[in-house]
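Below is one structure, written out as C-alpha cells; the observations come after it.
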Amino acid sequence: MTEENSTKYNAPALDKGLDILEYLSKEGVPLSQAEIAQGIQKTPSEIYRMLVCLEERGYITRSSNAGKYRLSLKMYSLSHRHTPFDELKRVAHYPMHNLSASTRQSCHLSIINNDQLLIIAQTRSPNAVSLSIEEGTHFPLTLTTSGRVFLSMFPEDKRNDLLNRDVHYSKWSQKQKDELIQSIEKVKQDGHRYAKSKITSGITDFAVPIGLDDSDLKAVLAVSVFTSSLDEEISVEQILKALKTTQAEINKLIGG
C-alpha cells in the first residue's frame, strides 16, 4: 500500500483479507497459497491465518485435491440478499424523518417500476393533519412532479422510450408535449421542480432527484404540501432548502 493510498487508521489484517478476496476475484481461477501471496506481494506465512479465517467464514473454499483456493458464492449471496432499493430505503430513513420534522410536512421516496412512479417509502408529517401517500402506490410519470424530475435524469433516447410507452402522453396535443419537454429541461437547469398537483387539487408537490451520475440507482425525493399552507406555515424557499439538504445527505450515504 502506497503512502498516497494509506488511510488515517490502518487495519493490516483487514487489508490482507480484502487483498486476498479482490485478487481471487480478479484472477478468476483457483490459486495456491503461494500464488496468492505472490499476487498480493506478501509471504505465504503472512497470509496463512487470513486464509484459514476466510475459509472458516465461508468466503473462500479450497479444493480437496490440489488445495487451491477460490471464492465461494457467499459474496454473491450477500450482495443479492437485499436489492439496491432496499438499501436506499434503509439509508434514506433517518434523513427523511429529519426532513419531515424540519418542514412539518410529509415526504416520500419513489422509483420507476413498469414505466410508472412507484412510492417505496414515506414519512408522515408530525402535524395532526397531514398528507399521506401510501407505499406501493403507482402514479403516471407524465402527470406528476416526481415523474418529470425522473424524466430529467435520463438521456434523451431513454426518456423518449418512456414517453412513447406512456398512455397519457400519446393522447396529448403537440402543445402539451412541448410543455412537458420544456418542464423537463427546466428541472435539469434548476435541479428541482415544484408545481401544483395535476392529480389532486389543493396540493403542491416539490421534488429533487436522488442518485449518482455514474449509477443506475435513481430515485426522487418529494414533499407534498397543502397549497393553502404555503407562505402561511412554510415558504417555497424553506422547503427547497430542506429538500436539497436531505438530497445531499442521502446521496452521500449511497456513495456520493
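For the C-alpha cells, the naming scheme is as follows: chains receive sequential letters (A, B, ...) according to their order of presentation, residues are indexed from 1 within each chain, and ligands are indexed from 1 in presentation order.
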Going by DSSP on the backbone, which residues of stretch 63-236 of chain A come out as strand (DSSP E)? List them as an mmCIF file with N, CA and C atoms, in the first residue's frame.
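That gives us part-v6.cif:
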data_model
loop_
_atom_site.group_PDB
_atom_site.id
_atom_site.type_symbol
_atom_site.label_atom_id
_atom_site.label_comp_id
_atom_site.auth_asym_id
_atom_site.auth_seq_id
_atom_site.Cartn_x
_atom_site.Cartn_y
_atom_site.Cartn_z
ATOM 1 N N TYR A 69 -7.260 -22.306 -3.567
ATOM 2 C CA TYR A 69 -8.383 -21.523 -3.056
ATOM 3 C C TYR A 69 -9.126 -20.830 -4.192
ATOM 4 N N ARG A 70 -10.416 -20.692 -3.981
ATOM 5 C CA ARG A 70 -11.237 -19.904 -4.895
ATOM 6 C C ARG A 70 -12.350 -19.248 -4.095
ATOM 7 N N LEU A 71 -12.968 -18.230 -4.663
ATOM 8 C CA LEU A 71 -14.080 -17.572 -3.984
ATOM 9 C C LEU A 71 -15.291 -18.491 -3.929
ATOM 10 N N SER A 106 -45.220 15.994 5.062
ATOM 11 C CA SER A 106 -44.947 14.620 4.656
ATOM 12 C C SER A 106 -43.958 14.604 3.494
ATOM 13 N N CYS A 107 -43.184 13.524 3.420
ATOM 14 C CA CYS A 107 -42.288 13.363 2.278
ATOM 15 C C CYS A 107 -42.331 11.907 1.820
ATOM 16 N N HIS A 108 -41.949 11.679 0.589
ATOM 17 C CA HIS A 108 -41.965 10.321 0.071
ATOM 18 C C HIS A 108 -40.848 10.114 -0.948
ATOM 19 N N LEU A 109 -40.459 8.851 -1.092
ATOM 20 C CA LEU A 109 -39.381 8.454 -1.990
ATOM 21 C C LEU A 109 -39.956 7.531 -3.043
ATOM 22 N N SER A 110 -39.589 7.754 -4.303
ATOM 23 C CA SER A 110 -40.163 6.955 -5.383
ATOM 24 C C SER A 110 -39.095 6.488 -6.358
ATOM 25 N N ILE A 111 -39.416 5.392 -7.050
ATOM 26 C CA ILE A 111 -38.566 4.859 -8.112
ATOM 27 C C ILE A 111 -39.446 4.628 -9.336
ATOM 28 N N ILE A 112 -38.833 4.166 -10.427
ATOM 29 C CA ILE A 112 -39.613 3.796 -11.611
ATOM 30 C C ILE A 112 -39.827 2.289 -11.600
ATOM 31 N N ASN A 113 -41.059 1.877 -11.806
ATOM 32 C CA ASN A 113 -41.403 0.463 -11.885
ATOM 33 C C ASN A 113 -42.454 0.286 -12.970
ATOM 34 N N GLN A 116 -43.845 3.402 -14.528
ATOM 35 C CA GLN A 116 -44.625 4.287 -13.680
ATOM 36 C C GLN A 116 -43.835 4.654 -12.431
ATOM 37 N N LEU A 117 -44.319 5.682 -11.767
ATOM 38 C CA LEU A 117 -43.743 6.097 -10.496
ATOM 39 C C LEU A 117 -44.260 5.162 -9.407
ATOM 40 N N LEU A 118 -43.357 4.611 -8.608
ATOM 41 C CA LEU A 118 -43.743 3.723 -7.513
ATOM 42 C C LEU A 118 -43.232 4.303 -6.194
ATOM 43 N N ILE A 119 -44.124 4.523 -5.243
ATOM 44 C CA ILE A 119 -43.745 5.027 -3.926
ATOM 45 C C ILE A 119 -43.172 3.875 -3.108
ATOM 46 N N ILE A 120 -41.912 3.989 -2.688
ATOM 47 C CA ILE A 120 -41.289 2.904 -1.923
ATOM 48 C C ILE A 120 -41.108 3.255 -0.453
ATOM 49 N N ALA A 121 -41.251 4.527 -0.095
ATOM 50 C CA ALA A 121 -41.124 4.916 1.313
ATOM 51 C C ALA A 121 -41.808 6.254 1.518
ATOM 52 N N GLN A 122 -42.362 6.443 2.701
ATOM 53 C CA GLN A 122 -42.937 7.744 3.039
ATOM 54 C C GLN A 122 -42.747 8.009 4.524
ATOM 55 N N THR A 123 -42.678 9.271 4.848
ATOM 56 C CA THR A 123 -42.640 9.704 6.248
ATOM 57 C C THR A 123 -43.724 10.748 6.434
ATOM 58 N N HIS A 138 -48.774 3.435 -7.367
ATOM 59 C CA HIS A 138 -48.203 3.813 -8.658
ATOM 60 C C HIS A 138 -48.876 5.076 -9.192
ATOM 61 N N PHE A 139 -48.094 5.908 -9.867
ATOM 62 C CA PHE A 139 -48.608 7.115 -10.500
ATOM 63 C C PHE A 139 -47.984 7.258 -11.893
ATOM 64 N N PRO A 140 -48.678 7.901 -12.831
ATOM 65 C CA PRO A 140 -48.100 8.140 -14.158
ATOM 66 C C PRO A 140 -46.914 9.113 -14.064
ATOM 67 N N ARG A 193 -38.037 20.624 -8.962
ATOM 68 C CA ARG A 193 -39.292 21.092 -9.560
ATOM 69 C C ARG A 193 -40.339 21.207 -8.462
ATOM 70 N N TYR A 194 -41.148 22.252 -8.556
ATOM 71 C CA TYR A 194 -42.336 22.318 -7.707
ATOM 72 C C TYR A 194 -43.491 22.850 -8.550
ATOM 73 N N ALA A 195 -44.665 22.261 -8.320
ATOM 74 C CA ALA A 195 -45.839 22.617 -9.118
ATOM 75 C C ALA A 195 -47.080 22.083 -8.431
ATOM 76 N N LYS A 196 -48.216 22.676 -8.768
ATOM 77 C CA LYS A 196 -49.485 22.166 -8.250
ATOM 78 C C LYS A 196 -49.754 20.794 -8.850
ATOM 79 N N ILE A 203 -53.049 20.607 -3.739
ATOM 80 C CA ILE A 203 -51.760 20.097 -3.302
ATOM 81 C C ILE A 203 -50.654 20.658 -4.199
ATOM 82 N N THR A 204 -49.543 21.041 -3.592
ATOM 83 C CA THR A 204 -48.350 21.426 -4.344
ATOM 84 C C THR A 204 -47.236 20.448 -4.000
ATOM 85 N N ASP A 205 -46.582 19.941 -5.033
ATOM 86 C CA ASP A 205 -45.515 18.959 -4.856
ATOM 87 C C ASP A 205 -44.152 19.577 -5.154
ATOM 88 N N PHE A 206 -43.171 19.216 -4.341
ATOM 89 C CA PHE A 206 -41.781 19.628 -4.511
ATOM 90 C C PHE A 206 -40.947 18.364 -4.659
ATOM 91 N N ALA A 207 -40.000 18.340 -5.596
ATOM 92 C CA ALA A 207 -39.237 17.114 -5.806
ATOM 93 C C ALA A 207 -37.812 17.400 -6.254
ATOM 94 N N VAL A 208 -36.893 16.516 -5.832
ATOM 95 C CA VAL A 208 -35.486 16.589 -6.242
ATOM 96 C C VAL A 208 -35.025 15.187 -6.613
ATOM 97 N N PRO A 209 -34.044 15.086 -7.522
ATOM 98 C CA PRO A 209 -33.533 13.761 -7.892
ATOM 99 C C PRO A 209 -32.589 13.208 -6.833
ATOM 100 N N ILE A 210 -32.593 11.896 -6.710
ATOM 101 C CA ILE A 210 -31.681 11.182 -5.819
ATOM 102 C C ILE A 210 -30.889 10.195 -6.669
ATOM 103 N N GLY A 211 -29.582 10.126 -6.461
ATOM 104 C CA GLY A 211 -28.761 9.175 -7.208
ATOM 105 C C GLY A 211 -27.497 9.833 -7.712
ATOM 106 N N LYS A 218 -31.563 5.257 -9.289
ATOM 107 C CA LYS A 218 -32.190 6.566 -9.415
ATOM 108 C C LYS A 218 -33.501 6.580 -8.649
ATOM 109 N N ALA A 219 -33.759 7.679 -7.965
ATOM 110 C CA ALA A 219 -34.992 7.833 -7.209
ATOM 111 C C ALA A 219 -35.326 9.314 -7.151
ATOM 112 N N VAL A 220 -36.500 9.617 -6.624
ATOM 113 C CA VAL A 220 -36.905 11.010 -6.452
ATOM 114 C C VAL A 220 -37.462 11.180 -5.040
ATOM 115 N N LEU A 221 -37.000 12.231 -4.384
ATOM 116 C CA LEU A 221 -37.490 12.581 -3.046
ATOM 117 C C LEU A 221 -38.441 13.761 -3.196
ATOM 118 N N ALA A 222 -39.615 13.660 -2.585
ATOM 119 C CA ALA A 222 -40.623 14.708 -2.767
ATOM 120 C C ALA A 222 -41.308 15.069 -1.459
ATOM 121 N N VAL A 223 -41.747 16.297 -1.399
ATOM 122 C CA VAL A 223 -42.560 16.796 -0.290
ATOM 123 C C VAL A 223 -43.876 17.278 -0.875
ATOM 124 N N SER A 224 -44.974 16.841 -0.291
ATOM 125 C CA SER A 224 -46.301 17.276 -0.734
ATOM 126 C C SER A 224 -46.918 18.175 0.334
ATOM 127 N N VAL A 225 -47.434 19.318 -0.104
ATOM 128 C CA VAL A 225 -47.896 20.352 0.828
ATOM 129 C C VAL A 225 -49.301 20.812 0.434
ATOM 130 N N PHE A 226 -50.130 21.083 1.430
ATOM 131 C CA PHE A 226 -51.396 21.747 1.129
ATOM 132 C C PHE A 226 -51.060 23.130 0.581
#
Practice task
Give me the residues within 12 Å of stretch 23-30 of chain A as a ChimeraX atom specification, counting only C-alpha atoms and dropping any in the same chain fewer than 5 places off.
Solution key: /A:15-18,35-41,51,59-73,75-76
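Using only C-alpha atoms, the shortest contact distance between A:Glu135 and any of A:Gly202, A:Ser102, A:Lys89, A:Pro12 is found at A:Lys89.
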Completion exercise
Shortest contact to A:Ser146, candidates A:Ile47, A:Ile184, A:Val129, A:Ala101, atoms counted only C-alpha atoms, goes to A:Ile184
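Between A:Arg124 and the residues A:Ser100, A:Gln247, A:Ser152, A:Thr142, the shortest atom-to-atom distance, using only C-alpha atoms, involves A:Ser100.
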